[in-house]
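Colleague: Input structure: protein-v4.cif, which contains mmCIF, C-alpha atoms.
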data_coords
loop_
_atom_site.label_atom_id
_atom_site.label_comp_id
_atom_site.auth_asym_id
_atom_site.auth_seq_id
_atom_site.Cartn_x
_atom_site.Cartn_y
_atom_site.Cartn_z
CA MET A 1 -47.29 -36.64 -108.98
CA ALA A 2 -43.78 -36.23 -110.35
CA ASP A 3 -44.26 -39.21 -112.64
CA LYS A 4 -47.32 -37.71 -114.40
CA LYS A 5 -46.91 -36.13 -117.79
CA LEU A 6 -48.31 -32.63 -118.27
CA ASN A 7 -51.09 -33.79 -120.60
CA GLU A 8 -52.22 -36.33 -117.96
CA VAL A 9 -52.90 -33.90 -115.11
CA SER A 10 -56.43 -32.77 -114.33
CA GLN A 11 -57.70 -29.30 -115.16
CA LEU A 12 -58.91 -27.19 -112.23
CA THR A 13 -61.06 -24.08 -111.90
CA ASP A 14 -59.80 -23.29 -108.39
CA PHE A 15 -56.73 -24.11 -106.32
CA ASP A 16 -55.23 -23.78 -102.87
CA TYR A 17 -51.58 -23.62 -103.89
CA ALA A 18 -49.54 -23.17 -107.05
CA LEU A 19 -46.08 -24.56 -107.66
CA ILE A 20 -43.35 -22.07 -108.41
CA VAL A 21 -39.74 -22.40 -109.44
CA LYS A 22 -37.06 -20.11 -108.06
CA GLY A 23 -33.57 -21.02 -109.15
CA ASN A 24 -33.22 -24.74 -108.53
CA ASP A 25 -35.97 -24.85 -105.90
CA VAL A 26 -39.61 -25.81 -106.38
CA ALA A 27 -42.01 -24.47 -103.77
CA LYS A 28 -45.71 -23.90 -103.25
CA ILE A 29 -47.42 -20.54 -102.87
CA THR A 30 -50.97 -19.76 -101.80
CA LYS A 31 -53.48 -18.36 -104.25
CA GLN A 32 -53.65 -15.11 -102.25
CA ASN A 33 -49.87 -14.65 -102.24
CA LEU A 34 -49.74 -15.37 -105.97
CA ALA A 35 -52.48 -12.76 -106.57
CA THR A 36 -50.55 -10.19 -104.50
CA ILE A 37 -47.34 -10.79 -106.44
CA LEU A 38 -49.09 -10.61 -109.81
CA GLY A 39 -51.02 -7.51 -108.77
CA GLU A 40 -47.78 -5.69 -107.96
CA LEU A 41 -46.52 -6.45 -111.46
CA LEU A 42 -49.58 -4.98 -113.21
CA PRO A 43 -49.67 -1.20 -113.64
CA VAL A 44 -52.63 0.92 -112.56
CA VAL A 45 -54.22 2.98 -115.32
CA GLY A 46 -53.24 6.62 -115.21
CA GLU A 47 -52.80 9.77 -117.26
CA ASN A 48 -49.72 8.40 -119.02
CA ASN A 49 -50.07 4.62 -118.89
CA ASN A 50 -52.46 1.80 -119.63
CA GLY A 51 -53.20 -0.72 -116.92
CA LEU A 52 -55.89 -1.91 -114.55
CA ALA A 53 -58.76 0.48 -113.98
CA TRP A 54 -58.88 2.33 -110.70
CA LYS A 55 -61.77 1.20 -108.50
CA GLY A 56 -62.72 4.83 -107.85
CA GLY A 57 -63.89 5.41 -111.41
CA PHE A 58 -62.56 8.17 -113.61
CA ILE A 59 -58.91 8.80 -114.24
CA GLU A 60 -57.71 12.02 -112.67
CA ARG A 61 -56.20 14.04 -115.48
CA VAL A 62 -54.14 17.22 -115.80
CA LYS A 63 -55.33 20.72 -114.94
CA ILE A 64 -56.42 22.79 -117.92
CA THR A 65 -54.82 26.21 -117.58
CA SER A 66 -55.19 29.53 -119.43
CA SER A 67 -52.76 28.46 -122.15
CA MET A 68 -54.75 25.31 -123.03
CA SER A 69 -57.95 24.89 -125.07
CA ILE A 70 -60.78 22.88 -123.53
CA ASP A 71 -61.66 21.75 -127.08
CA ASP A 72 -58.61 19.47 -127.11
CA TYR A 73 -59.69 17.33 -124.14
CA THR A 74 -61.57 14.27 -125.36
CA ASN A 75 -60.07 11.45 -123.27
CA PRO A 76 -62.50 10.23 -120.60
CA GLY A 77 -61.74 11.38 -117.08
CA MET A 78 -61.87 14.30 -114.68
CA TYR A 79 -59.85 17.45 -115.35
CA GLY A 80 -59.32 20.50 -113.18
CA LEU A 81 -59.95 23.96 -114.62
CA ASP A 82 -57.35 26.48 -113.47
CA GLY A 83 -57.90 29.72 -115.37
CA CYS A 84 -59.22 28.06 -118.54
CA GLN A 85 -60.11 30.87 -120.97
CA ASP A 86 -62.42 29.08 -123.45
CA SER A 87 -64.65 27.28 -120.95
CA PRO A 88 -67.91 28.68 -119.56
CA TYR A 89 -66.18 28.57 -116.16
CA LYS A 90 -62.51 29.46 -115.70
CA PHE A 91 -62.14 27.57 -112.42
CA GLY A 92 -63.80 24.28 -111.57
CA GLY A 93 -63.84 20.92 -113.24
CA LEU A 94 -64.40 19.12 -116.50
CA ILE A 95 -65.78 15.59 -116.84
CA VAL A 96 -65.40 13.88 -120.22
CA PHE A 97 -67.33 10.83 -121.42
CA LYS A 98 -66.53 9.08 -124.69
CA ALA A 99 -68.48 6.36 -126.49
CA ASN A 100 -67.33 5.40 -129.98
CA VAL A 101 -67.58 8.65 -131.97
CA LEU A 102 -69.46 10.69 -129.34
CA VAL A 103 -67.59 12.87 -126.84
CA VAL A 104 -69.52 14.69 -124.10
CA GLN A 105 -67.98 17.37 -121.90
CA ILE A 106 -69.58 18.51 -118.65
CA VAL A 107 -68.13 21.59 -116.98
CA TYR A 108 -68.90 22.84 -113.48
CA GLU A 109 -67.89 25.83 -111.40
CA MET A 110 -66.06 25.09 -108.18
CA GLN A 111 -67.31 27.80 -105.84
CA GLY A 112 -70.14 29.43 -107.71
CA SER A 113 -73.81 28.69 -107.81
CA ASN A 114 -73.93 28.37 -111.58
CA ARG A 115 -75.42 25.22 -113.02
CA PRO A 116 -73.19 22.67 -114.77
CA LYS A 117 -73.07 22.93 -118.56
CA TYR A 118 -72.55 20.29 -121.21
CA ARG A 119 -71.81 19.98 -124.90
CA GLN A 120 -71.03 17.21 -127.37
CA ASN A 121 -68.90 16.51 -130.39
CA TRP A 122 -70.22 13.84 -132.74
CA ALA A 123 -67.77 12.09 -135.09
CA ASN A 124 -65.22 14.89 -134.70
CA GLN A 125 -67.51 17.32 -136.57
CA GLY A 126 -66.97 20.12 -134.06
CA TRP A 127 -68.26 21.08 -130.66
CA GLN A 128 -71.87 22.13 -130.17
CA SER A 129 -72.77 25.12 -128.01
CA TRP A 130 -72.80 24.81 -124.22
CA TYR A 131 -76.17 23.98 -122.66
CA SER A 132 -77.26 24.13 -119.00
CA PHE A 133 -78.73 21.11 -117.24
#
Could you write out this structure as structure tokens?
Modeller:
Amino acid sequence: MADKKLNEVSQLTDFDYALIVKGNDVAKITKQNLATILGELLPVVGENNNGLAWKGGFIERVKITSSMSIDDYTNPGMYGLDGCQDSPYKFGGLIVFKANVLVVQIVYEMQGSNRPKYRQNWANQGWQSWYSF
């Protein structure tokens, strides 16, 4: 194998081991170990960083408090409402969906029996009124 040139080796779609170089040593590593090492180097997507998507779905985002406007939250994810003044519900949650130029907000009350409400903003032309499901 050592006498083969790189352009003469076969191309594979799967492998058992990969060769690695550490210092002056050449060693083999299993596919699973290589995946683990690479996975630790890749960041997980979060509020403040890009990366791999979390398998649980939405990104958990910041709490929207009384000093913040719900109108400003257009990044997809789940937000907590903690005294939000310009939302139909002051306490609960906000789910945001975004597709191209459409942003949809769904707000729900945490402990009440009120129905969730939604609204949309198309092409940044302003928020529509809140509607109940």
Colleague: I would like the residues chosen by the PyMOL selection byres ((chain A and resi 32-48) around 9) on the shown file; could you give them as a ChimeraX atom specification?
Modeller: /A:16-18,29-31,49-54,59-62
Colleague: Hey, which of A:Phe91, A:Asp25, A:Trp127, A:Gly83 ends up closest to A:Val104? Count all atoms listed in the file.
Modeller: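 Among the listed residues, the smallest separation from A:Val104 belongs to A:Trp127.
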Colleague: What's the 12 Å shell around A:Cys84, counting all atoms listed in the file, without same-chain residues fewer than 6 positions away, as a list in words?
Modeller: Lys63, Ile64, Thr65, Ser66, Ser67, Met68, Ser69, Ile70, Asp71, Lys90, Phe91, Gly92, Gly93, Leu94, Val107 and Glu109 of chain A
Colleague: Just how far from atom CA of A:Tyr131 is atom CA of A:Ile95, in Å to one decimal?
Modeller: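 These two atoms are separated by 14.6 Å.
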Colleague: What gap, in Å, lies between atom CA of A:Pro76 and atom CA of A:Trp122?
Modeller: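 Taking atom CA of A:Pro76 and atom CA of A:Trp122, their separation equals 14.8 Å.
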Colleague: Please expand the PyMOL selection byres ((chain A and resi 126) around 12) into the concrete residues it hits in this file, giving the result as an mmCIF file with C-alpha atoms, in the coordinates of the input.
Modeller:
data_model
loop_
_atom_site.group_PDB
_atom_site.id
_atom_site.type_symbol
_atom_site.label_atom_id
_atom_site.label_comp_id
_atom_site.auth_asym_id
_atom_site.auth_seq_id
_atom_site.Cartn_x
_atom_site.Cartn_y
_atom_site.Cartn_z
ATOM 1 C CA ASP A 71 -61.660 21.750 -127.080
ATOM 2 C CA ASP A 72 -58.610 19.470 -127.110
ATOM 3 C CA THR A 74 -61.570 14.270 -125.360
ATOM 4 C CA VAL A 101 -67.580 8.650 -131.970
ATOM 5 C CA LEU A 102 -69.460 10.690 -129.340
ATOM 6 C CA VAL A 103 -67.590 12.870 -126.840
ATOM 7 C CA VAL A 104 -69.520 14.690 -124.100
ATOM 8 C CA ARG A 119 -71.810 19.980 -124.900
ATOM 9 C CA GLN A 120 -71.030 17.210 -127.370
ATOM 10 C CA ASN A 121 -68.900 16.510 -130.390
ATOM 11 C CA TRP A 122 -70.220 13.840 -132.740
ATOM 12 C CA ALA A 123 -67.770 12.090 -135.090
ATOM 13 C CA ASN A 124 -65.220 14.890 -134.700
ATOM 14 C CA GLN A 125 -67.510 17.320 -136.570
ATOM 15 C CA TRP A 127 -68.260 21.080 -130.660
ATOM 16 C CA GLN A 128 -71.870 22.130 -130.170
ATOM 17 C CA SER A 129 -72.770 25.120 -128.010
#
Colleague: May I ask for the distance between atom CA of A:Asn100 and atom CA of A:Asp82, given in Å to one decimal place?
Modeller: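 Separating atom CA of A:Asn100 from atom CA of A:Asp82 is a distance of 28.6 Å.
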Colleague: Using all atoms listed in the file for the distances, tell me which of A:Met78, A:Ala27, A:Met110, A:Val21 is nearest to A:Val96.
Modeller: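 Result for the nearest residue to A:Val96: A:Met78.
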Colleague: Could you work out an axis-aligned bounding box for all listed atoms of stretch 115-121 of chain A, with 5 Å added on each of the six sides, and give its centre and edge lengths in Å to one decimal, as lines of an AutoDock Vina configuration file?
Modeller:
center_x = -72.2
center_y = 20.9
center_z = -121.7
size_x = 16.5
size_y = 18.7
size_z = 27.4
Colleague: Looking at all atoms listed in the file, which of A:Phe58, A:Tyr73, A:Trp130, A:Phe15 is the one that sits closest to A:Tyr89?
Modeller: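 Closest residue, counting all atoms listed in the file: A:Trp130.
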Colleague: Between A:Tyr118, A:Pro88, A:Ser10, A:Gly23, which residue has the minimum interatomic distance to A:Gln105, considering only C-alpha atoms?
Modeller: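 Closest to A:Gln105 of all the choices is A:Tyr118.
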Colleague: Counting all atoms listed in the file, figure out which residue out of A:Pro116, A:Gln111, A:Lys4, A:Ala99 gets nearest to A:Ser87.
Modeller: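 Selected residue with least distance to A:Ser87: A:Pro116.
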